[in-house]
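Below is structure_0.cif, which holds mmCIF, C-alpha atoms.
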```cif
data_entry
loop_
_atom_site.label_atom_id
_atom_site.label_comp_id
_atom_site.auth_asym_id
_atom_site.auth_seq_id
_atom_site.Cartn_x
_atom_site.Cartn_y
_atom_site.Cartn_z
CA MET D 17 11.55 -3.81 5.18
CA THR D 18 13.10 -4.54 1.78
CA ALA D 19 12.04 -8.18 2.11
CA ALA D 20 8.46 -8.96 3.04
CA GLU D 21 9.82 -11.32 5.71
CA GLU D 22 11.32 -8.52 7.81
CA ALA D 23 7.94 -7.09 8.86
CA PRO D 24 7.69 -6.07 12.52
CA GLU D 25 5.15 -7.39 15.01
CA PRO D 26 1.80 -5.54 14.98
CA PRO D 27 0.54 -3.16 16.03
CA TYR D 28 2.45 -0.52 14.07
CA THR D 29 1.52 2.33 11.76
CA ALA D 30 1.39 2.20 7.96
CA VAL D 31 1.10 5.36 5.88
CA ILE D 32 -0.32 4.48 2.47
CA PHE D 33 0.58 7.19 -0.04
CA THR D 34 -1.02 6.81 -3.46
CA SER D 35 -0.29 9.25 -6.26
CA THR D 36 -0.64 9.92 -9.93
CA ARG D 37 2.41 11.65 -11.39
CA THR D 38 2.34 14.56 -13.78
CA GLY D 39 4.51 14.25 -16.90
CA GLY D 40 8.28 14.73 -16.92
CA ASP D 41 10.75 14.27 -14.08
CA GLN D 42 11.12 17.90 -12.88
CA GLY D 43 13.46 16.88 -10.07
CA TYR D 44 11.19 14.09 -8.86
CA ALA D 45 13.64 11.17 -9.00
CA VAL D 46 16.32 12.95 -6.96
CA MET D 47 13.78 14.14 -4.36
CA SER D 48 12.19 10.70 -4.13
CA GLU D 49 15.49 8.98 -3.45
CA ARG D 50 16.47 11.71 -0.95
CA MET D 51 13.15 11.36 0.92
CA ASP D 52 13.60 7.58 1.20
CA ARG D 53 17.01 8.12 2.78
CA LEU D 54 15.80 10.92 5.06
CA ALA D 55 12.79 8.90 6.24
CA ALA D 56 15.12 6.04 7.18
CA GLU D 57 16.98 8.39 9.55
CA GLN D 58 13.84 9.34 11.52
CA PRO D 59 13.01 7.98 14.99
CA GLY D 60 10.47 5.19 14.85
CA TYR D 61 11.06 4.35 11.17
CA LEU D 62 10.42 0.69 10.36
CA GLY D 63 10.67 0.61 6.57
CA ILE D 64 9.34 1.78 3.25
CA GLU D 65 8.02 -0.04 0.16
CA SER D 66 7.18 1.53 -3.21
CA ALA D 67 6.00 0.54 -6.65
CA ARG D 68 5.03 2.77 -9.56
CA GLU D 69 3.38 1.42 -12.68
CA GLY D 70 3.06 4.08 -15.33
CA ALA D 71 1.81 7.27 -13.68
CA PHE D 72 0.23 5.54 -10.68
CA GLY D 73 2.30 4.74 -7.61
CA ILE D 74 1.86 3.33 -4.12
CA THR D 75 4.34 3.99 -1.33
CA VAL D 76 3.79 2.50 2.11
CA SER D 77 5.99 3.72 4.95
CA TYR D 78 5.97 1.90 8.29
CA TRP D 79 6.40 3.47 11.72
CA VAL D 80 6.37 2.31 15.32
CA ASP D 81 3.32 4.48 16.02
CA GLU D 82 1.23 7.38 14.69
CA GLU D 83 3.38 9.90 16.56
CA ALA D 84 6.49 8.79 14.65
CA ALA D 85 4.60 9.02 11.34
CA ALA D 86 3.27 12.48 12.26
CA ALA D 87 6.77 13.67 13.20
CA TRP D 88 8.10 12.59 9.79
CA LYS D 89 5.33 14.60 8.11
CA GLN D 90 6.64 17.71 9.91
CA VAL D 91 10.37 17.33 9.07
CA HIS D 92 11.28 20.55 7.29
CA GLU D 93 12.88 19.10 4.17
CA HIS D 94 9.92 16.75 3.85
CA THR D 95 7.40 19.61 4.12
CA VAL D 96 9.23 21.35 1.25
CA ALA D 97 8.96 18.15 -0.83
CA GLN D 98 5.26 17.82 0.05
CA GLN D 99 4.65 21.38 -1.15
CA ARG D 100 6.51 20.70 -4.41
CA GLY D 101 4.49 17.48 -4.77
CA ARG D 102 1.22 19.39 -4.55
CA THR D 103 2.29 22.08 -7.03
CA THR D 104 4.41 20.12 -9.51
CA TRP D 105 4.85 16.35 -9.24
CA TYR D 106 1.40 14.96 -8.50
CA ALA D 107 -1.77 15.31 -10.51
CA GLU D 108 -3.48 13.78 -7.50
CA TYR D 109 -2.51 12.02 -4.29
CA ARG D 110 -3.96 10.54 -1.14
CA VAL D 111 -2.49 9.82 2.29
CA GLN D 112 -4.12 7.11 4.39
CA VAL D 113 -2.84 6.58 7.93
CA ALA D 114 -3.55 3.09 9.25
CA THR D 115 -2.85 0.83 12.19
CA VAL D 116 -1.63 -2.62 11.16
CA THR D 117 -3.26 -5.21 13.39
CA ARG D 118 -2.22 -8.44 11.65
CA SER D 119 0.63 -9.48 9.40
CA TYR D 120 1.50 -12.82 7.84
CA GLY D 121 3.54 -13.92 4.91
CA SER D 122 5.56 -16.47 3.00
CA GLY D 123 8.41 -16.43 5.51
CA ASP D 124 6.26 -17.30 8.52
CA SER D 125 6.17 -20.76 10.01
CA ILE D 126 2.50 -20.33 10.89
CA ARG D 127 0.06 -18.94 8.36
CA MET W 16 -11.35 3.81 -5.66
CA THR W 17 -9.71 4.30 -9.05
CA ALA W 18 -9.19 7.97 -8.26
CA ALA W 19 -7.57 8.89 -4.96
CA GLU W 20 -10.42 11.35 -4.40
CA GLU W 21 -13.04 8.65 -4.06
CA ALA W 22 -11.71 7.36 -0.72
CA PRO W 23 -14.36 6.56 1.89
CA GLU W 24 -14.59 8.09 5.36
CA PRO W 25 -12.44 6.33 8.00
CA PRO W 26 -12.49 4.05 9.78
CA TYR W 27 -12.30 1.24 7.21
CA THR W 28 -9.99 -1.71 6.57
CA ALA W 29 -7.01 -1.78 4.21
CA VAL W 30 -5.32 -5.05 3.26
CA ILE W 31 -1.78 -4.32 2.09
CA PHE W 32 -0.53 -7.20 -0.07
CA THR W 33 3.13 -6.96 -1.09
CA SER W 34 4.71 -9.57 -3.31
CA THR W 35 7.71 -10.46 -5.38
CA ARG W 36 6.81 -12.34 -8.54
CA THR W 37 8.59 -15.37 -9.86
CA GLY W 38 9.56 -15.28 -13.56
CA GLY W 39 7.10 -15.86 -16.42
CA ASP W 40 3.37 -15.32 -16.48
CA GLN W 41 2.12 -18.88 -15.80
CA GLY W 42 -1.50 -17.76 -15.83
CA TYR W 43 -0.89 -14.86 -13.47
CA ALA W 44 -2.29 -11.99 -15.57
CA VAL W 45 -5.63 -13.73 -16.21
CA MET W 46 -5.99 -14.70 -12.52
CA SER W 47 -5.05 -11.22 -11.35
CA GLU W 48 -7.66 -9.55 -13.53
CA ARG W 49 -10.26 -12.16 -12.49
CA MET W 50 -9.54 -11.64 -8.77
CA ASP W 51 -9.93 -7.86 -9.15
CA ARG W 52 -13.37 -8.39 -10.70
CA LEU W 53 -14.38 -11.03 -8.15
CA ALA W 54 -13.28 -8.86 -5.20
CA ALA W 55 -15.43 -6.01 -6.53
CA GLU W 56 -18.50 -8.27 -6.28
CA GLN W 57 -17.99 -9.03 -2.57
CA PRO W 58 -20.04 -7.46 0.22
CA GLY W 59 -18.22 -4.61 1.92
CA TYR W 60 -15.79 -3.99 -0.95
CA LEU W 61 -14.66 -0.37 -1.20
CA GLY W 62 -11.94 -0.50 -3.85
CA ILE W 63 -8.55 -1.83 -4.91
CA GLU W 64 -5.32 -0.16 -6.01
CA SER W 65 -2.26 -1.89 -7.46
CA ALA W 66 1.16 -1.06 -8.82
CA ARG W 67 3.95 -3.42 -9.85
CA GLU W 68 7.43 -2.21 -10.68
CA GLY W 69 9.58 -5.01 -12.02
CA ALA W 70 9.04 -8.07 -9.83
CA PHE W 71 7.84 -6.13 -6.77
CA GLY W 72 4.19 -5.19 -6.40
CA ILE W 73 1.85 -3.60 -3.89
CA THR W 74 -1.90 -4.17 -3.95
CA VAL W 75 -4.12 -2.47 -1.38
CA SER W 76 -7.73 -3.59 -1.15
CA TYR W 77 -10.22 -1.59 0.91
CA TRP W 78 -13.16 -2.98 2.90
CA VAL W 79 -15.83 -1.60 5.19
CA ASP W 80 -14.45 -3.66 8.08
CA GLU W 81 -12.17 -6.58 8.96
CA GLU W 82 -15.05 -9.04 8.67
CA ALA W 83 -15.57 -8.11 5.01
CA ALA W 84 -11.84 -8.48 4.32
CA ALA W 85 -11.77 -11.84 6.13
CA ALA W 86 -14.79 -13.07 4.15
CA TRP W 87 -13.01 -12.23 0.86
CA LYS W 88 -9.99 -14.25 1.98
CA GLN W 89 -12.31 -17.29 2.33
CA VAL W 90 -14.08 -17.05 -1.06
CA HIS W 91 -13.40 -20.40 -2.73
CA GLU W 92 -12.02 -19.16 -6.05
CA HIS W 93 -9.80 -16.75 -4.12
CA THR W 94 -8.44 -19.53 -1.89
CA VAL W 95 -7.49 -21.47 -5.02
CA ALA W 96 -5.66 -18.38 -6.34
CA GLN W 97 -3.92 -17.92 -2.99
CA GLN W 98 -2.70 -21.51 -3.10
CA ARG W 99 -1.38 -21.08 -6.65
CA GLY W 100 0.26 -17.83 -5.52
CA ARG W 101 2.17 -19.65 -2.81
CA THR W 102 3.29 -22.49 -5.05
CA THR W 103 3.84 -20.73 -8.39
CA TRP W 104 3.46 -16.98 -8.77
CA TYR W 105 5.16 -15.44 -5.74
CA ALA W 106 8.75 -15.83 -4.60
CA GLU W 107 7.60 -14.07 -1.44
CA TYR W 108 4.59 -12.17 -0.20
CA ARG W 109 3.15 -10.49 2.87
CA VAL W 110 -0.39 -9.60 3.92
CA GLN W 111 -0.86 -6.75 6.36
CA VAL W 112 -4.36 -6.05 7.66
CA ALA W 113 -4.81 -2.47 8.84
CA THR W 114 -7.46 -0.07 10.08
CA VAL W 115 -7.37 3.28 8.30
CA THR W 116 -7.95 6.03 10.85
CA ARG W 117 -7.22 9.11 8.75
CA SER W 118 -7.32 9.96 5.07
CA TYR W 119 -6.62 13.20 3.22
CA GLY W 120 -5.67 14.08 -0.31
CA SER W 121 -5.45 16.44 -3.21
CA GLY W 122 -9.20 16.50 -3.74
CA ASP W 123 -10.05 17.57 -0.20
CA SER W 124 -11.02 21.12 0.65
CA ILE W 125 -9.31 20.83 4.05
CA ARG W 126 -5.83 19.34 4.34
#
```

Could you render the structure as structure tokens?
Amino acid sequence: MTAAEEAPEPPYTAVIFTSTRTGGDQGYAVMSERMDRLAAEQPGYLGIESAREGAFGITVSYWVDEEAAAAWKQVHEHTVAQQRGRTTWYAEYRVQVATVTRSYGSGDSIR
Amino acid sequence: MTAAEEAPEPPYTAVIFTSTRTGGDQGYAVMSERMDRLAAEQPGYLGIESAREGAFGITVSYWVDEEAAAAWKQVHEHTVAQQRGRTTWYAEYRVQVATVTRSYGSGDSIR
């Protein structure tokens, strides 16, 4: 889902991850890029979108259902990254798991 | 919801707005700040979070339910901004309406 137009048909699951970074990289950039690639290899992955502005960032990952999102949370390398996030990379974070029920955009013929 | 810790108890509605900006400001910054303030005055508003990195941005607004989110979409000044967004500010955009079913974060005692 690099382009907004490629969104799947609802319903599907969105995991909204918001975070405030601590200072310095401390291995964050490499891990972040690795996690994006690893997520894309998981069953039920639909896409990922991220933006960070200063310390504050929003990443939304999209999955066919909650089970697929939950399975990604449990992938070993990802659990290690989550632990490092809590101890090192994030001053604060929140995970919100949501079911997308409607989607429309600039590429649609009907708005 | 400026801090991730202030998230409400699910279920509630999240509107995920992703967009790619065209070049130049063209009144965008003033409108964007105005819409944030106007949204905060609406019934059922819970918060808004935004990050833009280069041209790509994610804004998530939070509402008590889908009706509150739908009512905000219809507020006159907001409809004018939406129209200007389609014609001027956004090369592409997508709106995804979702129901948040679970939320946890760094400020919670139980993860």

Name the residues in contact with range 61-66 of chain D at a cut-off of 10 Å, using all atoms listed in the file, excluding same-chain residues fewer than 4 positions from it; report them as a PyMOL selection string. (chain D and resi 17-20+22-24+28-34+52-53+55-57+73-81+84-85+88) or (chain W and resi 33+66-68+71-73)

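Take the candidates D:Thr104, D:Gln90, D:Thr36, D:Gln42 and check each one against chain W using all atoms listed in the file; the shortest distance goes to D:Thr36.
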
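Interatomic distance, CA of Arg102 in chain D against CA of Gly60 in chain D: 25.8 Å.
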
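Nearest-residue note for Tyr106 in chain D: choosing from W:Ala70, W:Gly122, W:Glu92, W:Arg117, the minimum distance belongs to W:Gly122, counting all atoms listed in the file.
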
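The space separating CA of Lys88 in chain W from CA of Gly69 in chain W comes to 25.8 Å.
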
Using all atoms listed in the file, the shortest atom-to-atom distance to chain W among D:Gly43, D:Ser35, D:Ala97, D:Trp105 belongs to D:Ser35

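Picture a line from CA of Thr116 in chain W to CA of Thr115 in chain D; it runs 7.4 Å.
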
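Nearest residue to chain W, choosing from D:Pro26, D:Ala45, D:Met51, D:Gly39 and counting all atoms listed in the file: D:Pro26.
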
Option closest in space to Glu82 in chain D, from W:Val110, W:Val115, W:Leu53, W:Val95 [counting all atoms listed in the file]: W:Val115

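Remark: for Ser48 in chain D, the closest of the candidate residues D:Asp124, D:Gln112, D:Gln98, D:Ser119 is D:Gln98 (distances computed over all atoms listed in the file).
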
Which centre and edge lengths in Å to one decimal define the box along x, y and z that fits every listed atom of range 65-70 of chain D plus 4 Å per side, as lines of an AutoDock Vina configuration file?
```
center_x = 5.5
center_y = 2.0
center_z = -7.6
size_x = 13.0
size_y = 12.1
size_z = 23.5
```

Emit a file covering range 105-121 of chain D of the preceding structure with all heavy atoms, as a compact mmCIF listing (two decimals), in the first residue's frame.
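Result saved to part_6.txt:
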```txt
# COMPACT_ATOMS: atom_id res chain seq x y z
N TRP D 105 14.24 3.01 22.35
CA TRP D 105 13.92 3.89 21.22
C TRP D 105 12.76 4.84 21.46
O TRP D 105 12.69 5.92 20.87
CB TRP D 105 13.63 3.04 19.98
CG TRP D 105 14.82 2.32 19.44
CD1 TRP D 105 16.08 2.84 19.27
CD2 TRP D 105 14.88 0.96 19.01
NE1 TRP D 105 16.90 1.87 18.75
CE2 TRP D 105 16.20 0.72 18.58
CE3 TRP D 105 13.94 -0.08 18.93
CZ2 TRP D 105 16.61 -0.52 18.08
CZ3 TRP D 105 14.34 -1.29 18.43
CH2 TRP D 105 15.66 -1.52 18.02
N TYR D 106 11.80 4.42 22.30
CA TYR D 106 10.58 5.20 22.44
C TYR D 106 10.42 5.80 23.83
O TYR D 106 10.47 5.08 24.83
CB TYR D 106 9.35 4.34 22.13
CG TYR D 106 9.37 3.75 20.74
CD1 TYR D 106 9.31 2.38 20.54
CD2 TYR D 106 9.47 4.58 19.62
CE1 TYR D 106 9.35 1.83 19.26
CE2 TYR D 106 9.51 4.04 18.34
CZ TYR D 106 9.45 2.67 18.16
OH TYR D 106 9.49 2.13 16.91
N ALA D 107 10.21 7.08 23.87
CA ALA D 107 9.87 7.74 25.13
C ALA D 107 8.45 7.37 25.52
O ALA D 107 8.14 7.19 26.70
CB ALA D 107 10.01 9.25 24.98
N GLU D 108 7.59 7.24 24.50
CA GLU D 108 6.25 6.71 24.74
C GLU D 108 5.70 6.18 23.43
O GLU D 108 6.16 6.55 22.34
CB GLU D 108 5.30 7.75 25.34
CG GLU D 108 5.10 8.98 24.49
CD GLU D 108 4.14 9.98 25.16
OE1 GLU D 108 4.07 10.02 26.40
OE2 GLU D 108 3.46 10.71 24.42
N TYR D 109 4.74 5.27 23.53
CA TYR D 109 4.15 4.68 22.33
C TYR D 109 2.75 4.20 22.66
O TYR D 109 2.39 4.04 23.84
CB TYR D 109 5.00 3.51 21.81
CG TYR D 109 4.98 2.31 22.72
CD1 TYR D 109 4.00 1.32 22.58
CD2 TYR D 109 5.89 2.17 23.76
CE1 TYR D 109 3.94 0.24 23.44
CE2 TYR D 109 5.84 1.10 24.62
CZ TYR D 109 4.88 0.13 24.46
OH TYR D 109 4.81 -0.93 25.32
N ARG D 110 1.97 4.00 21.61
CA ARG D 110 0.64 3.40 21.78
C ARG D 110 0.32 2.55 20.57
O ARG D 110 0.68 2.90 19.44
CB ARG D 110 -0.45 4.48 21.96
CG ARG D 110 -1.88 3.89 22.11
CD ARG D 110 -2.81 4.79 22.90
NE ARG D 110 -2.39 4.89 24.28
CZ ARG D 110 -2.70 3.99 25.24
NH1 ARG D 110 -3.44 2.93 24.95
NH2 ARG D 110 -2.26 4.18 26.45
N VAL D 111 -0.32 1.42 20.81
CA VAL D 111 -0.78 0.52 19.75
C VAL D 111 -2.30 0.49 19.80
O VAL D 111 -2.87 0.24 20.87
CB VAL D 111 -0.23 -0.91 19.96
CG1 VAL D 111 -0.77 -1.85 18.88
CG2 VAL D 111 1.30 -0.91 19.98
N GLN D 112 -2.92 0.81 18.67
CA GLN D 112 -4.38 0.75 18.59
C GLN D 112 -4.75 -0.21 17.45
O GLN D 112 -4.35 0.01 16.31
CB GLN D 112 -4.96 2.15 18.34
CG GLN D 112 -4.72 3.09 19.51
CD GLN D 112 -5.08 4.54 19.20
OE1 GLN D 112 -6.16 5.00 19.47
NE2 GLN D 112 -4.15 5.27 18.61
N VAL D 113 -5.47 -1.26 17.80
CA VAL D 113 -5.89 -2.25 16.82
C VAL D 113 -7.32 -1.92 16.39
O VAL D 113 -8.20 -1.76 17.25
CB VAL D 113 -5.82 -3.67 17.40
CG1 VAL D 113 -6.23 -4.70 16.35
CG2 VAL D 113 -4.42 -3.96 17.94
N ALA D 114 -7.52 -1.81 15.08
CA ALA D 114 -8.81 -1.33 14.58
C ALA D 114 -9.27 -2.14 13.38
O ALA D 114 -8.47 -2.71 12.65
CB ALA D 114 -8.70 0.14 14.19
N THR D 115 -10.59 -2.17 13.21
CA THR D 115 -11.19 -2.80 12.03
C THR D 115 -11.65 -1.72 11.08
O THR D 115 -12.50 -0.90 11.44
CB THR D 115 -12.39 -3.68 12.44
OG1 THR D 115 -11.96 -4.63 13.41
CG2 THR D 115 -12.97 -4.40 11.23
N VAL D 116 -11.07 -1.71 9.88
CA VAL D 116 -11.47 -0.72 8.87
C VAL D 116 -12.77 -1.17 8.23
O VAL D 116 -12.88 -2.29 7.72
CB VAL D 116 -10.39 -0.53 7.79
CG1 VAL D 116 -10.86 0.44 6.71
CG2 VAL D 116 -9.09 -0.04 8.42
N THR D 117 -13.76 -0.28 8.29
CA THR D 117 -15.09 -0.64 7.77
C THR D 117 -15.43 0.10 6.48
O THR D 117 -16.33 -0.30 5.76
CB THR D 117 -16.18 -0.32 8.82
OG1 THR D 117 -16.07 1.05 9.19
CG2 THR D 117 -16.02 -1.20 10.05
N ARG D 118 -14.67 1.18 6.20
CA ARG D 118 -14.96 1.97 5.00
C ARG D 118 -13.68 2.61 4.53
O ARG D 118 -12.84 3.01 5.33
CB ARG D 118 -15.97 3.08 5.35
CG ARG D 118 -16.97 3.35 4.26
CD ARG D 118 -18.28 3.86 4.85
NE ARG D 118 -18.05 5.08 5.63
CZ ARG D 118 -17.95 6.29 5.10
NH1 ARG D 118 -18.05 6.47 3.79
NH2 ARG D 118 -17.79 7.34 5.87
N SER D 119 -13.51 2.69 3.23
CA SER D 119 -12.30 3.27 2.66
C SER D 119 -12.66 3.93 1.34
O SER D 119 -13.35 3.35 0.51
CB SER D 119 -11.28 2.14 2.43
OG SER D 119 -10.19 2.60 1.66
N TYR D 120 -12.23 5.18 1.16
CA TYR D 120 -12.44 5.85 -0.11
C TYR D 120 -11.33 6.84 -0.33
O TYR D 120 -10.68 7.30 0.63
CB TYR D 120 -13.81 6.55 -0.15
CG TYR D 120 -14.02 7.60 0.90
CD1 TYR D 120 -13.74 8.95 0.67
CD2 TYR D 120 -14.48 7.25 2.19
CE1 TYR D 120 -13.92 9.91 1.65
CE2 TYR D 120 -14.65 8.19 3.17
CZ TYR D 120 -14.37 9.53 2.89
OH TYR D 120 -14.54 10.46 3.87
N GLY D 121 -11.07 7.14 -1.59
CA GLY D 121 -9.94 8.02 -1.85
C GLY D 121 -9.94 8.62 -3.23
O GLY D 121 -10.90 8.46 -3.99
```
